[in-house]
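Structure file work_31.txt with compact mmCIF, C-alpha atoms:
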# COMPACT_ATOMS: atom_id res chain seq x y z
CA MET A 11 -13.44 -15.79 -68.47
CA LYS A 12 -9.88 -16.64 -69.35
CA LYS A 13 -9.03 -12.97 -69.44
CA LEU A 14 -10.63 -12.47 -66.07
CA PHE A 15 -8.43 -15.18 -64.57
CA SER A 16 -5.22 -13.91 -66.09
CA THR A 17 -5.83 -10.41 -64.82
CA TYR A 18 -6.88 -11.71 -61.43
CA PHE A 19 -3.90 -13.93 -60.85
CA ARG A 20 -1.08 -11.44 -60.79
CA ASP A 21 2.39 -12.37 -59.60
CA LYS A 22 1.69 -11.34 -56.02
CA ASP A 23 -1.47 -13.42 -55.76
CA ILE A 24 0.33 -16.49 -57.03
CA GLN A 25 3.09 -15.97 -54.49
CA GLN A 26 0.50 -15.66 -51.73
CA LEU A 27 -1.18 -18.89 -52.84
CA ILE A 28 2.11 -20.82 -53.07
CA GLY A 29 3.05 -19.56 -49.60
CA LYS A 30 -0.27 -20.71 -48.15
CA GLN A 31 -0.10 -24.12 -49.83
CA LEU A 32 3.41 -24.76 -48.46
CA ARG A 33 2.37 -23.77 -44.94
CA LEU A 34 -0.78 -25.88 -45.06
CA GLY A 35 1.22 -28.91 -46.25
CA VAL A 36 3.72 -28.60 -43.41
CA ILE A 37 1.07 -28.08 -40.70
CA LEU A 38 -1.14 -30.92 -41.93
CA SER A 39 1.70 -33.42 -42.31
CA SER A 40 3.26 -32.65 -38.93
CA ALA A 41 -0.17 -33.05 -37.29
CA ILE A 42 -0.50 -36.52 -38.88
CA VAL A 43 3.07 -37.41 -37.82
CA LEU A 44 2.24 -36.33 -34.24
CA VAL A 45 -0.93 -38.47 -34.09
CA GLY A 46 0.89 -41.49 -35.53
CA GLY A 47 3.80 -40.86 -33.18
CA ILE A 48 1.60 -40.92 -30.09
CA ILE A 49 -0.05 -44.20 -31.16
CA TYR A 50 3.38 -45.68 -31.94
CA LEU A 51 4.89 -44.62 -28.59
CA VAL A 52 1.92 -45.87 -26.55
CA ARG A 53 2.17 -49.30 -28.20
CA HIS A 54 5.91 -49.68 -28.69
CA GLY A 55 7.50 -47.09 -26.36
CA HIS A 56 8.83 -49.74 -23.98
CA GLU A 57 10.63 -51.73 -26.70
CA GLN A 58 14.29 -51.36 -27.70
CA PRO A 59 15.23 -49.22 -30.75
CA SER A 60 17.32 -50.97 -33.40
CA TYR A 61 18.81 -48.68 -36.02
CA GLY A 62 22.43 -49.80 -35.65
CA SER A 63 22.51 -51.96 -38.75
CA PHE A 64 20.66 -51.24 -41.95
CA THR A 65 17.85 -53.63 -42.84
CA GLY A 66 15.50 -51.19 -44.55
CA VAL A 67 12.09 -50.37 -43.11
CA ARG A 68 9.69 -53.24 -42.49
CA GLU A 69 7.46 -54.40 -45.30
CA GLY A 70 4.59 -52.09 -46.16
CA LEU A 71 6.37 -48.86 -45.22
CA ASP A 72 8.22 -48.37 -48.50
CA ASN A 73 5.30 -48.08 -50.93
CA LEU A 74 2.03 -46.15 -51.05
CA PRO A 75 -0.47 -49.08 -51.08
CA GLY A 76 1.38 -50.71 -48.18
CA ILE A 77 1.44 -47.49 -46.14
CA TRP A 78 -2.28 -46.91 -46.75
CA GLN A 79 -3.16 -50.51 -45.83
CA GLY A 80 -1.49 -50.03 -42.43
CA VAL A 81 -3.20 -46.67 -41.91
CA LEU A 82 -6.56 -48.41 -42.29
CA GLU A 83 -5.41 -50.88 -39.62
CA ASN A 84 -4.50 -47.92 -37.34
CA LYS A 85 -0.80 -48.77 -37.21
CA GLY A 86 1.18 -45.92 -35.65
CA MET A 87 4.24 -46.40 -37.91
CA ASN A 88 2.09 -46.24 -41.02
CA ILE A 89 0.27 -43.10 -39.88
CA ILE A 90 3.66 -41.41 -39.28
CA GLN A 91 4.78 -42.54 -42.73
CA LEU A 92 1.59 -41.11 -44.26
CA GLY A 93 2.50 -37.74 -42.75
CA VAL A 94 6.05 -38.09 -44.10
CA VAL A 95 4.73 -38.89 -47.59
CA LEU A 96 2.48 -35.82 -47.43
CA LEU A 97 5.50 -33.74 -46.39
CA ILE A 98 7.52 -35.04 -49.36
CA ALA A 99 4.51 -34.32 -51.59
CA THR A 100 4.22 -30.70 -50.39
CA PRO A 101 6.97 -29.19 -52.61
CA ILE A 102 5.94 -31.50 -55.47
CA ILE A 103 2.37 -30.20 -55.27
CA ARG A 104 3.84 -26.70 -55.25
CA ILE A 105 5.46 -27.48 -58.64
CA ALA A 106 2.19 -28.80 -60.09
CA PHE A 107 0.49 -25.71 -58.76
CA SER A 108 3.09 -23.46 -60.43
CA VAL A 109 2.32 -25.03 -63.82
CA ILE A 110 -1.25 -23.75 -63.51
CA ALA A 111 -0.04 -20.40 -62.20
CA PHE A 112 2.31 -19.84 -65.17
CA LEU A 113 -0.43 -21.03 -67.55
CA LEU A 114 -2.79 -18.39 -66.19
CA GLU A 115 -0.02 -15.82 -66.58
CA ARG A 116 0.44 -17.05 -70.17
CA ASP A 117 4.13 -17.50 -69.55
CA TYR A 118 4.44 -20.56 -71.76
CA LEU A 119 8.23 -20.77 -71.50
CA TYR A 120 7.88 -21.29 -67.76
CA VAL A 121 5.00 -23.71 -68.19
CA VAL A 122 7.44 -25.90 -70.15
CA LEU A 123 10.35 -25.40 -67.70
CA THR A 124 8.10 -26.25 -64.74
CA LEU A 125 6.81 -29.36 -66.53
CA VAL A 126 10.44 -30.46 -67.01
CA VAL A 127 11.03 -30.24 -63.23
CA LEU A 128 7.82 -32.19 -62.62
CA GLY A 129 8.93 -34.75 -65.23
CA VAL A 130 12.30 -35.29 -63.50
CA ILE A 131 10.51 -35.96 -60.19
CA MET A 132 7.98 -38.30 -61.83
CA PHE A 133 10.84 -40.21 -63.45
CA SER A 134 12.52 -40.48 -60.07
CA MET A 135 9.26 -41.69 -58.49
CA SER A 136 8.47 -44.27 -61.14
CA GLY A 137 10.70 -46.82 -59.47
CA GLY A 138 13.37 -48.74 -61.32
CA LEU A 139 15.76 -46.30 -59.65
CA ALA A 140 14.98 -47.82 -56.28
CA GLY A 141 17.84 -50.30 -56.75
CA MET B 30 17.29 -47.45 -23.60
CA THR B 31 13.62 -47.76 -24.54
CA ILE B 32 12.05 -46.34 -27.68
CA LEU B 33 10.20 -43.72 -25.59
CA PHE B 34 13.42 -42.44 -24.02
CA PHE B 35 15.27 -42.58 -27.37
CA THR B 36 12.47 -40.58 -29.03
CA LEU B 37 12.46 -37.91 -26.32
CA ILE B 38 16.24 -37.33 -26.46
CA LEU B 39 16.11 -37.24 -30.24
CA LEU B 40 13.26 -34.71 -30.06
CA CYS B 41 15.39 -32.42 -27.85
CA GLY B 42 18.42 -32.85 -30.12
CA ALA B 43 16.40 -32.06 -33.23
CA PHE B 44 14.84 -29.03 -31.51
CA SER B 45 18.31 -27.60 -30.74
CA ALA B 46 19.43 -28.35 -34.29
CA GLY B 47 16.42 -26.55 -35.75
CA LEU B 48 16.83 -23.60 -33.37
CA LEU B 49 20.55 -23.11 -34.03
CA GLY B 50 20.11 -23.79 -37.74
CA SER B 51 17.52 -21.08 -38.15
CA LEU B 52 19.30 -18.55 -35.90
CA THR B 53 22.60 -18.93 -37.74
CA GLY B 54 21.16 -19.50 -41.20
CA LEU B 55 23.15 -22.72 -41.59
CA GLY B 56 20.09 -24.96 -41.73
CA GLY B 57 19.16 -27.66 -39.24
CA GLY B 58 19.74 -30.62 -41.54
CA VAL B 59 23.52 -30.39 -41.39
CA VAL B 60 23.72 -31.55 -37.77
CA ILE B 61 21.00 -34.22 -38.00
CA ILE B 62 23.27 -36.78 -39.68
CA PRO B 63 26.19 -36.42 -37.17
CA LEU B 64 23.65 -36.37 -34.32
CA LEU B 65 22.11 -39.66 -35.45
CA THR B 66 25.28 -41.47 -36.52
CA LEU B 67 27.83 -40.25 -33.95
CA GLY B 68 25.40 -39.66 -31.08
CA PHE B 69 22.98 -42.55 -31.44
CA HIS B 70 24.95 -45.02 -33.61
CA VAL B 71 22.20 -45.06 -36.23
CA ASP B 72 23.22 -46.49 -39.61
CA ILE B 73 24.14 -43.62 -41.96
CA ARG B 74 21.55 -44.75 -44.52
CA TYR B 75 18.69 -44.25 -42.06
CA ALA B 76 20.29 -40.94 -41.05
CA ILE B 77 20.36 -39.74 -44.68
CA GLY B 78 16.68 -40.60 -45.18
CA THR B 79 15.71 -38.82 -41.97
CA ALA B 80 17.78 -35.70 -42.74
CA LEU B 81 16.19 -35.43 -46.21
CA VAL B 82 12.69 -35.40 -44.74
CA ALA B 83 13.79 -32.86 -42.09
CA SER B 84 15.20 -30.54 -44.76
CA ILE B 85 11.93 -30.68 -46.73
CA ALA B 86 10.08 -29.70 -43.56
CA THR B 87 12.26 -26.69 -42.70
CA SER B 88 12.52 -25.55 -46.31
CA SER B 89 8.76 -25.59 -46.93
CA GLY B 90 8.01 -24.08 -43.54
CA SER B 91 10.29 -21.07 -43.93
CA ALA B 92 9.84 -20.70 -47.71
CA SER B 93 6.15 -20.02 -47.17
CA ALA B 94 6.99 -16.80 -45.31
CA TYR B 95 9.62 -15.53 -47.80
CA VAL B 96 7.49 -16.31 -50.86
CA LYS B 97 4.68 -14.24 -49.36
CA GLU B 98 7.02 -11.30 -48.82
CA GLY B 99 7.99 -11.41 -52.49
CA ILE B 100 11.75 -11.70 -51.91
CA THR B 101 12.04 -15.15 -53.48
CA ASN B 102 12.68 -15.13 -57.24
CA ILE B 103 10.26 -17.87 -58.26
CA ARG B 104 11.29 -17.94 -61.95
CA LEU B 105 14.97 -18.24 -61.08
CA GLY B 106 14.17 -20.93 -58.53
CA MET B 107 12.07 -22.88 -61.01
CA PHE B 108 14.70 -22.68 -63.76
CA LEU B 109 17.52 -23.80 -61.44
CA GLU B 110 15.36 -26.59 -60.01
CA ILE B 111 15.79 -28.37 -63.33
CA ALA B 112 19.50 -28.52 -62.49
CA THR B 113 19.10 -29.45 -58.81
CA THR B 114 16.46 -32.15 -59.32
CA THR B 115 18.42 -33.87 -62.12
CA GLY B 116 21.48 -33.67 -59.90
CA ALA B 117 19.55 -35.06 -56.92
CA VAL B 118 18.32 -38.08 -58.89
CA VAL B 119 21.90 -38.75 -60.07
CA GLY B 120 23.15 -38.38 -56.48
CA ALA B 121 20.56 -40.84 -55.16
CA LEU B 122 21.65 -43.31 -57.87
CA ILE B 123 25.36 -42.95 -57.06
CA ALA B 124 24.55 -43.51 -53.38
CA VAL B 125 23.61 -47.16 -54.08
CA TYR B 126 27.08 -47.95 -55.35
CA MET B 127 29.07 -45.86 -52.93
CA PRO B 128 30.43 -47.44 -49.72
CA THR B 129 28.94 -45.75 -46.63
CA ASN B 130 32.33 -44.74 -45.22
CA VAL B 131 33.08 -42.77 -48.41
CA VAL B 132 29.69 -41.05 -48.05
CA ALA B 133 30.68 -40.14 -44.47
CA ILE B 134 33.99 -38.63 -45.65
CA ILE B 135 32.34 -36.56 -48.41
CA PHE B 136 29.73 -35.45 -45.89
CA GLY B 137 32.44 -34.25 -43.52
CA LEU B 138 34.13 -32.26 -46.29
CA VAL B 139 30.85 -30.57 -47.30
CA LEU B 140 30.23 -29.75 -43.61
CA ILE B 141 33.60 -28.02 -43.29
CA PHE B 142 32.92 -26.11 -46.48
CA SER B 143 29.47 -25.02 -45.20
CA SER B 144 30.82 -23.75 -41.90
CA LEU B 145 33.62 -21.81 -43.65
CA MET B 146 31.06 -20.33 -46.05
CA SER B 147 29.17 -18.74 -43.16
CA PHE B 148 32.20 -16.51 -42.45
CA ARG B 149 32.66 -15.14 -45.94
CA LYS B 150 32.17 -11.47 -46.67
CA LYS B 151 28.91 -10.54 -48.30
CA THR B 152 29.80 -8.49 -51.33
CA LEU B 153 26.98 -6.53 -52.88
CA TYR B 154 27.16 -6.29 -56.67
CA THR B 155 25.70 -3.05 -57.88
CA GLU B 156 27.40 -2.54 -61.25
CA ASP B 157 25.43 -3.75 -64.23
CA SER B 158 28.36 -4.78 -66.38
CA ALA B 159 28.05 -7.44 -69.07
CA LYS B 160 24.31 -7.96 -69.21
CA SER B 161 23.38 -11.57 -69.73
CA LYS B 162 21.26 -12.22 -72.82
CA LEU B 163 20.16 -15.61 -71.50
CA ALA B 164 19.01 -14.10 -68.20
CA ALA B 165 16.85 -11.62 -70.10
CA GLN B 166 15.40 -14.33 -72.35
CA LEU B 167 14.55 -16.44 -69.32
CA ARG B 168 13.12 -13.40 -67.53
CA LEU B 169 15.36 -14.01 -64.51
CA ASN B 170 16.10 -10.36 -63.75
CA ASN B 171 13.81 -9.08 -61.05
CA SER B 172 13.49 -6.80 -58.06
CA TYR B 173 12.99 -7.31 -54.33
CA PRO B 174 11.29 -5.16 -51.70
CA THR B 175 13.35 -3.23 -49.14
CA ALA B 176 12.47 -0.51 -46.64
CA GLU B 177 13.55 2.06 -49.26
CA GLY B 178 11.43 0.59 -52.04
CA ALA B 179 12.02 -2.07 -54.71
CA VAL B 180 15.62 -2.78 -55.72
CA ASN B 181 16.27 -4.09 -59.23
CA TYR B 182 18.96 -6.66 -59.91
CA GLN B 183 20.48 -8.47 -62.87
CA VAL B 184 21.37 -12.15 -63.06
CA HIS B 185 24.81 -13.01 -64.52
CA HIS B 186 26.60 -16.16 -65.75
CA VAL B 187 23.53 -18.35 -66.15
CA PRO B 188 25.32 -21.47 -67.55
CA GLY B 189 27.98 -21.38 -64.81
CA GLY B 190 25.32 -21.05 -62.13
CA TYR B 191 23.31 -23.87 -63.68
CA PHE B 192 26.35 -26.18 -63.63
CA MET B 193 27.12 -25.37 -59.99
CA MET B 194 23.47 -26.04 -59.11
CA THR B 195 23.65 -29.48 -60.72
CA PHE B 196 26.62 -30.24 -58.46
CA ALA B 197 24.67 -28.95 -55.43
CA GLY B 198 21.82 -31.28 -56.43
CA VAL B 199 24.15 -34.31 -56.66
CA MET B 200 25.49 -33.58 -53.16
CA SER B 201 21.96 -33.16 -51.84
CA GLY B 202 20.84 -36.50 -53.29
CA LEU B 203 23.98 -38.31 -52.15
CA LEU B 204 24.19 -36.94 -48.61
CA GLY B 205 20.58 -36.18 -47.76
CA ILE B 206 21.19 -32.51 -47.00
CA GLY B 207 19.75 -29.33 -48.47
CA SER B 208 23.27 -28.20 -49.53
CA GLY B 209 22.14 -24.62 -49.07
CA ALA B 210 25.76 -23.43 -48.82
CA LEU B 211 26.53 -24.70 -52.33
CA LYS B 212 23.33 -23.18 -53.71
CA VAL B 213 24.10 -19.81 -52.17
CA LEU B 214 27.65 -20.01 -53.55
CA ALA B 215 26.27 -20.58 -57.05
CA MET B 216 23.83 -17.68 -56.79
CA ASP B 217 26.00 -15.19 -54.84
CA ASN B 218 29.43 -15.65 -56.34
CA ILE B 219 28.63 -16.87 -59.85
CA MET B 220 25.25 -15.39 -60.74
CA ARG B 221 25.78 -12.27 -58.60
CA ILE B 222 22.36 -12.15 -57.06
CA PRO B 223 21.74 -10.01 -53.94
CA PHE B 224 22.32 -11.96 -50.73
CA LYS B 225 18.73 -11.72 -49.51
CA VAL B 226 17.32 -13.07 -52.77
CA SER B 227 19.87 -15.88 -53.04
CA THR B 228 19.30 -17.23 -49.51
CA THR B 229 15.51 -17.19 -49.79
CA THR B 230 15.49 -18.62 -53.32
CA SER B 231 17.96 -21.34 -52.25
CA ASN B 232 15.68 -22.18 -49.35
CA PHE B 233 12.69 -22.29 -51.71
CA MET B 234 14.55 -24.80 -53.91
CA ILE B 235 15.76 -27.11 -51.13
CA GLY B 236 12.32 -28.70 -50.64
CA VAL B 237 11.91 -29.72 -54.27
CA THR B 238 15.52 -30.90 -54.57
CA ALA B 239 15.18 -33.04 -51.45
CA ALA B 240 11.80 -34.40 -52.59
CA ALA B 241 13.34 -35.58 -55.89
CA SER B 242 15.72 -37.91 -54.06
CA ALA B 243 13.38 -38.63 -51.12
CA VAL B 244 10.99 -40.50 -53.43
CA VAL B 245 13.89 -42.80 -54.38
CA TYR B 246 15.00 -43.26 -50.76
CA LEU B 247 11.45 -44.00 -49.60
CA GLN B 248 11.28 -46.95 -51.98
CA ARG B 249 14.70 -48.14 -50.81
CA GLY B 250 13.54 -48.26 -47.19
CA TYR B 251 15.89 -45.49 -45.93
CA ILE B 252 13.03 -43.40 -44.54
CA SER B 253 12.13 -44.82 -41.15
CA PRO B 254 9.02 -43.44 -39.38
CA GLY B 255 10.43 -44.09 -35.91
CA LEU B 256 13.32 -41.68 -36.62
CA CYS B 257 11.42 -39.20 -38.79
CA MET B 258 8.75 -38.56 -36.16
CA PRO B 259 10.95 -36.97 -33.45
CA VAL B 260 13.36 -35.37 -35.92
CA VAL B 261 10.74 -33.69 -38.11
CA LEU B 262 8.67 -32.43 -35.18
CA GLY B 263 11.76 -31.31 -33.25
CA VAL B 264 13.44 -29.51 -36.16
CA LEU B 265 10.20 -27.74 -37.14
CA ALA B 266 9.50 -26.58 -33.58
CA GLY B 267 13.13 -25.43 -33.23
CA ALA B 268 13.10 -23.54 -36.53
CA PHE B 269 9.83 -21.86 -35.57
CA ALA B 270 11.21 -20.82 -32.17
CA GLY B 271 14.36 -19.57 -33.92
CA SER B 272 12.43 -17.38 -36.34
CA ARG B 273 10.66 -15.78 -33.35
CA LEU B 274 13.96 -15.12 -31.53
CA LEU B 275 15.88 -13.97 -34.59
CA THR B 276 15.12 -10.24 -34.23
CA ARG B 277 16.37 -10.13 -30.65
CA ALA B 278 19.39 -12.43 -30.65
CA ASN B 279 22.99 -11.44 -31.31
CA VAL B 280 23.78 -14.09 -33.88
CA LYS B 281 27.43 -13.22 -34.57
CA TRP B 282 28.89 -15.19 -31.65
CA LEU B 283 26.31 -17.89 -31.98
CA ARG B 284 27.34 -18.39 -35.60
CA ILE B 285 31.01 -18.70 -34.63
CA VAL B 286 30.23 -21.24 -31.90
CA PHE B 287 27.91 -23.24 -34.16
CA SER B 288 30.48 -23.25 -36.97
CA VAL B 289 33.15 -24.56 -34.60
CA VAL B 290 30.76 -27.31 -33.44
CA ILE B 291 30.01 -28.21 -37.07
CA GLY B 292 33.72 -28.26 -37.88
CA PHE B 293 34.33 -30.61 -34.95
CA LEU B 294 31.49 -32.91 -36.07
CA ALA B 295 32.89 -32.86 -39.61
CA VAL B 296 36.31 -34.04 -38.42
CA GLN B 297 34.60 -36.82 -36.44
CA MET B 298 32.63 -37.92 -39.52
CA ILE B 299 35.79 -37.97 -41.65
CA TYR B 300 37.76 -39.83 -38.97
CA ASN B 301 35.03 -42.45 -38.55
CA GLY B 302 34.73 -42.73 -42.32
CA ILE B 303 38.46 -43.37 -42.77
CA THR B 304 38.61 -45.92 -39.94
CA GLY B 305 35.53 -47.60 -41.44
CA LYS B 306 33.29 -47.17 -38.40
CA LEU B 307 30.47 -45.53 -40.35
Now that the file is in, can you turn its structure into structure tokens?
Amino acid sequence: MKKLFSTYFRDKDIQQLIGKQLRLGVILSSAIVLVGGIIYLVRHGHEQPSYGSFTGVREGLDNLPGIWQGVLENKGMNIIQLGVVLLIATPIIRIAFSVIAFLLERDYLYVVLTLVVLGVIMFSMSGGLAG
Amino acid sequence: MTILFFTLILLCGAFSAGLLGSLTGLGGGVVIIPLLTLGFHVDIRYAIGTALVASIATSSGSASAYVKEGITNIRLGMFLEIATTTGAVVGALIAVYMPTNVVAIIFGLVLIFSSLMSFRKKTLYTEDSAKSKLAAQLRLNNSYPTAEGAVNYQVHHVPGGYFMMTFAGVMSGLLGIGSGALKVLAMDNIMRIPFKVSTTTSNFMIGVTAAASAVVYLQRGYISPGLCMPVVLGVLAGAFAGSRLLTRANVKWLRIVFSVVIGFLAVQMIYNGITGKL
């Protein structure tokens, strides 16, 4: 079975899959951003924008549980942010995907190198750096 | 100005940025920050967060096509992503302690550098002098498809390229841009990789590099949905339109005009940075 996989997943196939995954991520996340954007504009389109001085985004838009909570309440801003998070996740998922791809190719050096990249991103995500 | 009006103008601006960026190969992200800060008086921290998300969108969108064609060197990209992501995390950390007007000045300097880079001569390295042992061990040497069949190439000066990539990563994390010009410089001039491979591999890496610092910026509240929505949708639509037009357009003059515009924006950013307006 293992042999079957490693012969099946040649370089070209992996490249095709990575290409598809990236495209799917971009299409899906921009669709979510568009839906959230329409809801946001219908509700808040007549208000005044205020980005002149930095206050940070409002509470609940800077962490995953907060974003999800607002999505369940159908808040436009949170739905946009969900799409943005998915967009940020797209290249990260591509890295995770490459680990499996190199594993199937039995290129263990690159399994390790890819895990290092993933580790750097996880470290960056783990907070503490947020300052 | 209402939010609706603001969003629509921003959508048009981002569309033009994406269109010009993809036609000239300079990337759309470079004009997003001047557009937001100089044009709409948005705080530079929001602008950085927005530009980062926009560069992830364009990078992933166009990378998908190049990866499928087999031009992108995935191993090289993956190896150098260790350098760019570490750099990006460091850059995002430095950004907390750096005054925003200094960030604006550095941004202006990188912009000038990027626009000058687009005029450089593309030298093709064909000689296989001084084979790199490290490149062979890391299996970085590869080939890419052309109309006349596959062309093999060798990768040179791996440590030098790695170092330059770390610097590109720091700039990306600090300024919220893809810093494609710095990445191409590292791959073209130092590692001597064919132009086509270096641009597509650089583009492939931009998404991951930007994501490494975007996760930090998201938690800091720099990434605002109200700005990301029009910018991401506009830049993506513009880049898509650009890729459709690319085969028919005469990009030489367009590139000169766009570079002059970028140079002008860069001077504005530096001036506003020095006078403390940004």
**OP:** Write out as JSON, numbers by chain every residue belonging to chain A that has an atom at most 6 Å from any atom of chain B, counting only C-alpha atoms.
**Re:** {"A": [25, 26, 29, 32, 33, 55, 56, 57, 58, 59, 61, 62, 63, 64, 66, 67, 72, 87, 90, 91, 98, 101, 127, 131, 135, 140]}
Original post:
For the atom pair atom CA of A:Val130 and atom CA of B:Gly205, what is the interatomic distance in Å to one decimal place?
Top reply: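 Result for atom CA of A:Val130 versus atom CA of B:Gly205: 17.8 Å, one decimal.
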**OP:** Determine, counting only C-alpha atoms, every residue of protein, DNA or RNA that lies within 12 Å of (20.2, -26.6, -37.3) in the file coordinates, then give the result as a ChimeraX atom specification.
**Re:** /B:42-64,80,83-84,87-88,144,206-207,260-261,263-271,283-284,287-288,290-291
Subject >> d(atom CA of A:Tyr50, atom CA of A:Arg68) in Å >> reply: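 Spanning atom CA of A:Tyr50 to atom CA of A:Arg68 is a straight-line distance of 14.4 Å.
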Original post:
How many Å lie between atom CA of A:Thr124 and atom CA of A:Ala106, rounded to one decimal?
Top reply: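 Result for atom CA of A:Thr124 versus atom CA of A:Ala106: 7.9 Å, one decimal.
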Subject >> Residue nearest B:Gly202 - candidates B:Gly120, B:Gly106, B:Gly302, B:Pro174, atoms counted: all atoms listed in the file >> reply: B:Gly120
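Comparing B:Ser231, B:Ile134, B:Leu105, B:Ile123 by their smallest distance to B:Thr304, the closest is B:Ile134 (using all atoms listed in the file).
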Subject >> Within 10 Å of B:Gly137 using all atoms listed in the file, minus same-chain residues under 6 positions, as a list in words >> reply: Val59, Pro63, Val131, Ser143, Ile291, Gly292, Phe293, Leu294, Ala295, Val296, Gln297, Met298, Ile299, Tyr300, Asn301 and Gly302 of chain B
Which residues come within 10 Å of B:Val180, counting only C-alpha atoms, excluding same-chain residues fewer than 5 positions away, as an mmCIF file with C-alpha atoms, in the coordinates of the input?
data_model
loop_
_atom_site.group_PDB
_atom_site.id
_atom_site.type_symbol
_atom_site.label_atom_id
_atom_site.label_comp_id
_atom_site.auth_asym_id
_atom_site.auth_seq_id
_atom_site.Cartn_x
_atom_site.Cartn_y
_atom_site.Cartn_z
ATOM 1 C CA ASN B 171 13.810 -9.080 -61.050
ATOM 2 C CA SER B 172 13.490 -6.800 -58.060
ATOM 3 C CA TYR B 173 12.990 -7.310 -54.330
ATOM 4 C CA PRO B 174 11.290 -5.160 -51.700
ATOM 5 C CA THR B 175 13.350 -3.230 -49.140
ATOM 6 C CA PRO B 223 21.740 -10.010 -53.940
#
Subject >> Residue neighbourhood B:Ala210, 7 Å, all atoms listed in the file, exclusion window fewer than 2 positions, as a list in words >> reply: Ser143, Met146, Ser208, Lys212, Val213 and Leu214 of chain B
**OP:** Do a neighbour search on A:Gly93 at 12 Å with only C-alpha atoms, toss out local chain neighbours closer than 3 positions, and write the hits as an MDAnalysis selection string.
**Re:** (chainID A and resid 35:47 74 77:78 81 86:90 96:100) or (chainID B and resid 82 86 254 257:258 261:262)
